[in-house]
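Colleague: Dumping the structure here so I can ask a few things about it.
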Protein chains: 4
Amino acid sequence: MMDCPDLPKRGPGRPRSDATRCAILKAAYELLEEAGMAGFTIEGVADRSGSAKTTIYRWWPSRGVLASDAMLSHYQTEYPDPHSSSAVADLRGVMHHMAEAMSGPQGRVLAGLIAEAQSCSGTEDAIMANLITRRRELGRSIMERAIAGGQVRPDISIDTALDALFGPLFYRLMLNRMPFEPGWIDQLAEMVLQGIAAGPAPGAAAGTLRQR
Amino acid sequence: MMDCPDLPKRGPGRPRSDATRCAILKAAYELLEEAGMAGFTIEGVADRSGSAKTTIYRWWPSRGVLASDAMLSHYQTEYPDPHSSSAVADLRGVMHHMAEAMSGPQGRVLAGLIAEAQSCSGTEDAIMANLITRRRELGRSIMERAIAGGQVRPDISIDTALDALFGPLFYRLMLNRMPFEPGWIDQLAEMVLQGIAAGPAPGAAAGTLRQR
Amino acid sequence: MMDCPDLPKRGPGRPRSDATRCAILKAAYELLEEAGMAGFTIEGVADRSGSAKTTIYRWWPSRGVLASDAMLSHYQTEYPDPHSSSAVADLRGVMHHMAEAMSGPQGRVLAGLIAEAQSCSGTEDAIMANLITRRRELGRSIMERAIAGGQVRPDISIDTALDALFGPLFYRLMLNRMPFEPGWIDQLAEMVLQGIAAGPAPGAAAGTLRQR
Amino acid sequence: MMDCPDLPKRGPGRPRSDATRCAILKAAYELLEEAGMAGFTIEGVADRSGSAKTTIYRWWPSRGVLASDAMLSHYQTEYPDPHSSSAVADLRGVMHHMAEAMSGPQGRVLAGLIAEAQSCSGTEDAIMANLITRRRELGRSIMERAIAGGQVRPDISIDTALDALFGPLFYRLMLNRMPFEPGWIDQLAEMVLQGIAAGPAPGAAAGTLRQR
DNA sequence: TAGTAAACGAGACGGTACGTCATGTCTTTAT
DNA sequence: ATAAAGACATGACGTACCGTCTCGTTTACTA
């Protein structure tokens, strides 16, 4: 009676080969793991995947975007909102999860992607959309819960607080490049969360600090 | 009677030309400003400086190190320890100074250098030695002063605290890429410094937070 | 009652679109004029004609053959046998006509086609059949008339004589690439035609020449 | 006492490697023989010669010029002016020599070069300078001798006469593509040379022919 | 006053990857 | 069956830099 107008209406022309798409992503991922972003070449992916460079260029505008997609297609470990009884514990959970993701090979690749993003806006958009913003939004919603629950002072800027929580992780990923010990993360979280905690007598200390 | 053993003993052979060294650094700096790290090539520097590629390779092991040196030779704005009456205010001063240095073109170059460092250990060493560690050590000494002065709790890890203070700056430099508003930095500093402040009753809140 | 058996019996399926065929030939011709054989591409013709590459490949085996067809469909100026009173004058007329056809853009295209024919036998066959042999046969029949009429010695090889008459035209088309002045053609024709003329006393000179 | 000022003064910089130059020309020649002009690729030459594409592009502007050079470096068979007692016999000798050179693989390569020249002016210049003009000048000087010796009419255009002699050879090389039988060349030569011979009674026949 | 040793310019060289172009084949929907 | 659309593997293109090399020249120190 009615044709489905929301189905992906397909025009003429040979449809995109999903096998090829997957082969490219798989090869890209493997190359990333083996050689890192430095040795990640479109030609290399083409060779390894058995597809043509042109095919890759048709669907991915730059190597950074391809690498980002390849990462995503393998580690689509959506970290679910824990929604435990304590919002601050949830925040800490997010940080631990990020640190875990930054450890091991994926971490080096992520660092390489962020590096690539410095000179390629396509890559920047891709990693922001796929890897950065997503977790930040999760953090934001937990933070809002923490404020609503009275665990965090309501007068802080949520964005700034998220910067304070997540910034050090990336800092260490790209500059200090040491393993992420759980203790370090707990200390970090404690510092910041205590700084924004809705405490009984924050006034005195804050006043002291606020002076310049 | 004795020749000065601490003077740079020079052997035979033509001595290194300082004019060439400067011309290379100047050209490198200009190229960095104009084209960013992405367009920064050894060949480009050689052309622009009128020197030979070989000469550059003789003295600098990689483009990242050269770029780092070029930056340093132009912005050697050593930020002196303010040593004001308030150590926490001094810390905030360091952060403001870093944010200022990260704004404008130097910031983009610094981001490019950190990017380069992800795949070139020479560059990593160079920027750590010249651009990162220096300020961190400054921060460390101020922090020790703050602890000694009773403004910061003595049981924290100084390294972790410095991560918490500096990390967000680099995070924003490389990922959020927005201008550094002074207000944002103040908020950041306040959050962390309050979190590590030697307050009257930190126990209760911390206890709450520490639970998982 | 009866279907016409001499009409082009049509099988099942959609008949070939003549509009498409013409559009392709037209586009091909235009592209040839604009870009010469060097810029003549199947893809270009497909784009310009609005047809699909597949359609072109279905009907033409190679770009050379297509170009040949395109030329033919636009310049089908069949040069009729003049059949004047003098056969040698007719031969000269054929040469003038060829020179005229070789001048202007068609000449460049013809040169391009001959070039293409060096590496593509399909093109070779096409231009031989359509552009070369036709005129040669015309030349041959006139030459036979000239022999029959006693204007040309009957003991010569007609093929060789035609080579001598036509060869220089192609030589100039492809190598000397100067304009074809009528005077030059007349001189050429005179040299050869006099050399094969049934003259009163050719013996002496020929004898001289024949010695090695 | 004096330094030789006429020696090839060498500027600074690493001198061009003759071994590389030769390896490239050798590989180019072999590829030409094997695959003809159609399969003659810069990449192919680079692979086979073990040199880099860039090196080839540094010294040769296009594949046509490279092919031309490669041919020349292998067949530098300068045909010497025979200077026999009979100038017309010498002319015939030149034609035979050209026909010989056009037979076999070199002929196909020459045809390919002329084809390439249709769309590449660099190639055109190269083959004109190296392969065409040289023989033509030889032909011209013999022809002048023939005129001076009274064997050829002095009122003809030498250029046109050379077109008449050489044109058919190239015509056959590129279009008729049959083997060059010696008899055919002799017939050709006889036709033209007789047409321009300083004969006893050319008037009558020429008059007949000259009419239109 | 040589001789030697290193710095320096110039530029050739073998490479790698780039991003683009055209090829000819294929798979699909629409006539 | 024919046509348009467009995906695909292939292979060469010409370019940009890479890092190394081989030169001739310059500029010191040293024997």
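Labels used: A, B, ... for chains in the order of the structure tokens, numbers from 1 for residues in each chain, and numbers from 1 for ligands as shown.
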Could you tell me which residues of chain B sit within 8 Å of chain E when counting only C-alpha atoms (C1' of nucleotides), and give me the result as a VMD selection string?
Modeller: chain B and resid 12 to 17 51 to 52 55
Colleague: All C-alpha atoms, paired in order, least-squares superposition of chain C on chain B: what RMSD does that give?
Modeller: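 That comparison of chain B with chain C gives 0.7 Å.
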Colleague: Just checking: using only C-alpha atoms, which residue out of A:Arg177, A:Arg145, A:Arg136, A:Arg10 ends up closest to A:Asp159?
Modeller: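 Smallest distance to A:Asp159 is found for A:Arg136.
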Colleague: Identify, on the basis of only C-alpha atoms (C1' of nucleotides), every residue whose closest approach to stretch 12-25 of chain E does not exceed 10 Å; exclude the query and any residue fewer than 4 positions from it along the same chain; express the result as a ChimeraX atom specification.
Modeller: /A:41-44,53-54,57 /C:41-44,53-54,57 /D:13-17,20,50-55,58 /F:8-23
Colleague: Show which residues sit within 10 Å of B:Ala38, as a VMD selection string. Count only C-alpha atoms (C1' of nucleotides), and ignore same-chain residues fewer than 4 positions away.
Modeller: (chain A and resid 116 118 to 120) or (chain B and resid 32 109 112 to 113 116)
Colleague: Neighbouring residues of B:Ala23 were defined as those with any atom within 10 Å, considering only C-alpha atoms (C1' of nucleotides); residues of the same chain fewer than 2 positions away were excluded. Please report them as a PDB file with all heavy atoms, in the first residue's frame.
Modeller:
ATOM      1  N   ASP B  18      78.757  30.782  13.221  1.00  0.00           N
ATOM      2  CA  ASP B  18      77.609  31.213  14.004  1.00  0.00           C
ATOM      3  C   ASP B  18      76.597  31.941  13.140  1.00  0.00           C
ATOM      4  O   ASP B  18      75.390  31.884  13.379  1.00  0.00           O
ATOM      5  CB  ASP B  18      78.071  32.117  15.146  1.00  0.00           C
ATOM      6  CG  ASP B  18      77.043  32.164  16.244  1.00  0.00           C
ATOM      7  OD1 ASP B  18      76.765  31.091  16.831  1.00  0.00           O
ATOM      8  OD2 ASP B  18      76.491  33.247  16.501  1.00  0.00           O
ATOM      9  N   ALA B  19      77.099  32.593  12.112  1.00  0.00           N
ATOM     10  CA  ALA B  19      76.178  33.288  11.208  1.00  0.00           C
ATOM     11  C   ALA B  19      75.226  32.281  10.564  1.00  0.00           C
ATOM     12  O   ALA B  19      74.016  32.503  10.484  1.00  0.00           O
ATOM     13  CB  ALA B  19      76.974  34.026  10.134  1.00  0.00           C
ATOM     14  N   THR B  20      75.777  31.190  10.124  1.00  0.00           N
ATOM     15  CA  THR B  20      74.935  30.153   9.529  1.00  0.00           C
ATOM     16  C   THR B  20      73.933  29.624  10.547  1.00  0.00           C
ATOM     17  O   THR B  20      72.741  29.485  10.256  1.00  0.00           O
ATOM     18  CB  THR B  20      75.815  29.006   9.019  1.00  0.00           C
ATOM     19  OG1 THR B  20      76.622  29.481   7.949  1.00  0.00           O
ATOM     20  CG2 THR B  20      74.965  27.861   8.537  1.00  0.00           C
ATOM     21  N   ARG B  21      74.414  29.349  11.737  1.00  0.00           N
ATOM     22  CA  ARG B  21      73.520  28.835  12.773  1.00  0.00           C
ATOM     23  C   ARG B  21      72.340  29.778  12.980  1.00  0.00           C
ATOM     24  O   ARG B  21      71.176  29.357  13.017  1.00  0.00           O
ATOM     25  CB  ARG B  21      74.292  28.675  14.079  1.00  0.00           C
ATOM     26  CG  ARG B  21      73.565  27.845  15.118  1.00  0.00           C
ATOM     27  CD  ARG B  21      74.319  27.833  16.445  1.00  0.00           C
ATOM     28  NE  ARG B  21      73.426  28.167  17.536  1.00  0.00           N
ATOM     29  CZ  ARG B  21      73.210  29.399  17.968  1.00  0.00           C
ATOM     30  NH1 ARG B  21      73.814  30.419  17.390  1.00  0.00           N
ATOM     31  NH2 ARG B  21      72.373  29.615  18.959  1.00  0.00           N
ATOM     32  N   LEU B  25      68.296  29.250  12.232  1.00  0.00           N
ATOM     33  CA  LEU B  25      67.272  29.368  13.273  1.00  0.00           C
ATOM     34  C   LEU B  25      66.251  30.446  12.913  1.00  0.00           C
ATOM     35  O   LEU B  25      65.045  30.264  13.126  1.00  0.00           O
ATOM     36  CB  LEU B  25      67.936  29.689  14.614  1.00  0.00           C
ATOM     37  CG  LEU B  25      68.635  28.493  15.253  1.00  0.00           C
ATOM     38  CD1 LEU B  25      69.388  28.917  16.507  1.00  0.00           C
ATOM     39  CD2 LEU B  25      67.627  27.399  15.600  1.00  0.00           C
ATOM     40  N   LYS B  26      66.738  31.532  12.341  1.00  0.00           N
ATOM     41  CA  LYS B  26      65.820  32.609  11.973  1.00  0.00           C
ATOM     42  C   LYS B  26      64.861  32.125  10.884  1.00  0.00           C
ATOM     43  O   LYS B  26      63.638  32.312  10.969  1.00  0.00           O
ATOM     44  CB  LYS B  26      66.627  33.802  11.472  1.00  0.00           C
ATOM     45  CG  LYS B  26      65.813  35.034  11.118  1.00  0.00           C
ATOM     46  CD  LYS B  26      66.710  36.268  11.073  1.00  0.00           C
ATOM     47  CE  LYS B  26      65.950  37.470  10.542  1.00  0.00           C
ATOM     48  NZ  LYS B  26      65.577  37.325   9.127  1.00  0.00           N
ATOM     49  N   ALA B  27      65.429  31.509   9.868  1.00  0.00           N
ATOM     50  CA  ALA B  27      64.581  31.012   8.787  1.00  0.00           C
ATOM     51  C   ALA B  27      63.599  29.981   9.325  1.00  0.00           C
ATOM     52  O   ALA B  27      62.419  29.968   8.957  1.00  0.00           O
ATOM     53  CB  ALA B  27      65.450  30.385   7.692  1.00  0.00           C
ATOM     54  N   ALA B  28      64.072  29.132  10.201  1.00  0.00           N
ATOM     55  CA  ALA B  28      63.189  28.108  10.762  1.00  0.00           C
ATOM     56  C   ALA B  28      62.039  28.752  11.518  1.00  0.00           C
ATOM     57  O   ALA B  28      60.871  28.363  11.365  1.00  0.00           O
ATOM     58  CB  ALA B  28      63.983  27.192  11.689  1.00  0.00           C
ATOM     59  N   TYR B  29      62.376  29.741  12.292  1.00  0.00           N
ATOM     60  CA  TYR B  29      61.331  30.405  13.062  1.00  0.00           C
ATOM     61  C   TYR B  29      60.296  31.053  12.151  1.00  0.00           C
ATOM     62  O   TYR B  29      59.084  30.921  12.346  1.00  0.00           O
ATOM     63  CB  TYR B  29      61.958  31.444  13.982  1.00  0.00           C
ATOM     64  CG  TYR B  29      60.954  32.380  14.541  1.00  0.00           C
ATOM     65  CD1 TYR B  29      60.072  31.970  15.537  1.00  0.00           C
ATOM     66  CD2 TYR B  29      60.838  33.678  14.050  1.00  0.00           C
ATOM     67  CE1 TYR B  29      59.124  32.836  16.030  1.00  0.00           C
ATOM     68  CE2 TYR B  29      59.893  34.538  14.536  1.00  0.00           C
ATOM     69  CZ  TYR B  29      59.038  34.124  15.530  1.00  0.00           C
ATOM     70  OH  TYR B  29      58.089  34.971  16.012  1.00  0.00           O
ATOM     71  N   VAL B  45      63.592  25.220   5.099  1.00  0.00           N
ATOM     72  CA  VAL B  45      64.510  25.998   5.924  1.00  0.00           C
ATOM     73  C   VAL B  45      65.821  26.222   5.182  1.00  0.00           C
ATOM     74  O   VAL B  45      66.390  27.324   5.205  1.00  0.00           O
ATOM     75  CB  VAL B  45      64.762  25.281   7.268  1.00  0.00           C
ATOM     76  CG1 VAL B  45      65.800  26.028   8.077  1.00  0.00           C
ATOM     77  CG2 VAL B  45      63.478  25.156   8.050  1.00  0.00           C
ATOM     78  N   ALA B  46      66.299  25.186   4.517  1.00  0.00           N
ATOM     79  CA  ALA B  46      67.554  25.322   3.779  1.00  0.00           C
ATOM     80  C   ALA B  46      67.430  26.402   2.712  1.00  0.00           C
ATOM     81  O   ALA B  46      68.273  27.294   2.592  1.00  0.00           O
ATOM     82  CB  ALA B  46      67.940  23.984   3.156  1.00  0.00           C
ATOM     83  N   ARG B  48      65.317  28.888   2.501  1.00  0.00           N
ATOM     84  CA  ARG B  48      65.089  30.216   3.023  1.00  0.00           C
ATOM     85  C   ARG B  48      66.326  30.776   3.718  1.00  0.00           C
ATOM     86  O   ARG B  48      66.568  31.984   3.693  1.00  0.00           O
ATOM     87  CB  ARG B  48      63.921  30.156   4.009  1.00  0.00           C
ATOM     88  CG  ARG B  48      63.427  31.498   4.469  1.00  0.00           C
ATOM     89  CD  ARG B  48      62.432  31.332   5.576  1.00  0.00           C
ATOM     90  NE  ARG B  48      61.094  31.067   5.085  1.00  0.00           N
ATOM     91  CZ  ARG B  48      60.147  32.002   5.047  1.00  0.00           C
ATOM     92  NH1 ARG B  48      60.395  33.223   5.457  1.00  0.00           N
ATOM     93  NH2 ARG B  48      58.935  31.688   4.616  1.00  0.00           N
ATOM     94  N   SER B  49      67.105  29.901   4.309  1.00  0.00           N
ATOM     95  CA  SER B  49      68.265  30.389   5.044  1.00  0.00           C
ATOM     96  C   SER B  49      69.492  30.502   4.142  1.00  0.00           C
ATOM     97  O   SER B  49      70.505  31.062   4.550  1.00  0.00           O
ATOM     98  CB  SER B  49      68.583  29.440   6.199  1.00  0.00           C
ATOM     99  OG  SER B  49      69.057  28.203   5.701  1.00  0.00           O
ATOM    100  N   GLY B  50      69.383  29.976   2.953  1.00  0.00           N
ATOM    101  CA  GLY B  50      70.545  30.027   2.071  1.00  0.00           C
ATOM    102  C   GLY B  50      71.640  29.061   2.474  1.00  0.00           C
ATOM    103  O   GLY B  50      72.761  29.158   1.993  1.00  0.00           O
ATOM    104  N   SER B  51      71.316  28.122   3.325  1.00  0.00           N
ATOM    105  CA  SER B  51      72.336  27.149   3.698  1.00  0.00           C
ATOM    106  C   SER B  51      72.020  25.813   3.036  1.00  0.00           C
ATOM    107  O   SER B  51      71.051  25.682   2.308  1.00  0.00           O
ATOM    108  CB  SER B  51      72.383  26.993   5.207  1.00  0.00           C
ATOM    109  OG  SER B  51      71.127  26.597   5.687  1.00  0.00           O
TER     110      SER B  51
END
Colleague: Taking the backbone alone, and naming residues the way the document does, which bits of stretch 8-209 of chain D are alpha helix (DSSP H) by DSSP, as JSON, numbers by chain?
Modeller: {"D": [18, 19, 20, 21, 22, 23, 24, 25, 26, 27, 28, 29, 30, 31, 32, 33, 34, 35, 42, 43, 44, 45, 46, 47, 48, 49, 53, 54, 55, 56, 57, 58, 59, 63, 64, 65, 66, 67, 68, 69, 70, 71, 72, 73, 74, 87, 88, 89, 90, 91, 92, 93, 94, 95, 96, 97, 98, 99, 100, 101, 102, 104, 105, 106, 107, 108, 109, 110, 111, 112, 113, 114, 115, 116, 117, 121, 122, 123, 124, 125, 126, 127, 133, 134, 135, 136, 137, 138, 139, 140, 141, 142, 143, 144, 145, 146, 147, 148, 158, 159, 160, 161, 162, 163, 164, 165, 166, 167, 168, 169, 170, 171, 182, 183, 184, 185, 186, 187, 188, 189, 190, 191, 192, 193, 194, 195, 203, 204, 205, 206, 207, 208, 209]}
Colleague: Find the residues around B:Arg140 up to 8 Å (only C-alpha atoms (C1' of nucleotides) counted), leave out those fewer than 3 positions away in its own chain, and share them as a ChimeraX atom specification.
Modeller: /B:136-137,143-144,158-159,162
Colleague: Let me see the file: selected residues, C-alpha atoms, as a tab-separated table (two decimals), in the first residue's frame.
Modeller:
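Here's the written file part.tsv:
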chain	number	residue	atom	x	y	z
B	136	ARG	CA	57.07	22.12	35.81
B	137	GLU	CA	60.10	22.50	38.00
B	143	MET	CA	54.24	24.06	45.40
B	144	GLU	CA	56.82	23.03	47.93
B	158	ILE	CA	53.16	17.17	44.19
B	159	ASP	CA	53.46	15.56	40.80
B	162	LEU	CA	51.00	19.68	38.97
Colleague: If we count only C-alpha atoms (C1' of nucleotides) and set the cut-off at 12 Å, which residues sit around stretch 98-108 of chain B, ignoring sequence neighbours fewer than 6 positions away in its own chain? Please answer as a ChimeraX atom specification.
Modeller: /A:115,117-119 /B:29-38,67-68,70-72,74-79,91-92,114-115,131-132,134-136,138-139,165-175,177-186,188
Colleague: Under the rule that only C-alpha atoms are counted, which of C:Ile156, C:Ile142, C:Val94, C:Ile24 is the nearest residue to chain D?
Modeller: C:Ile156
Colleague: Find the residues in chain F near chain B: any atom within 6 Å counts, using only C-alpha atoms (C1' of nucleotides). Write them as an NGL selection string.
Modeller: :F and (27-29)
Colleague: Report, in Å with one decimal, the straight-line distance from atom CA of A:Pro82 to atom CA of A:Ala148.
Modeller: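 Computed distance, atom CA of A:Pro82 to atom CA of A:Ala148, equals 16.7 Å.
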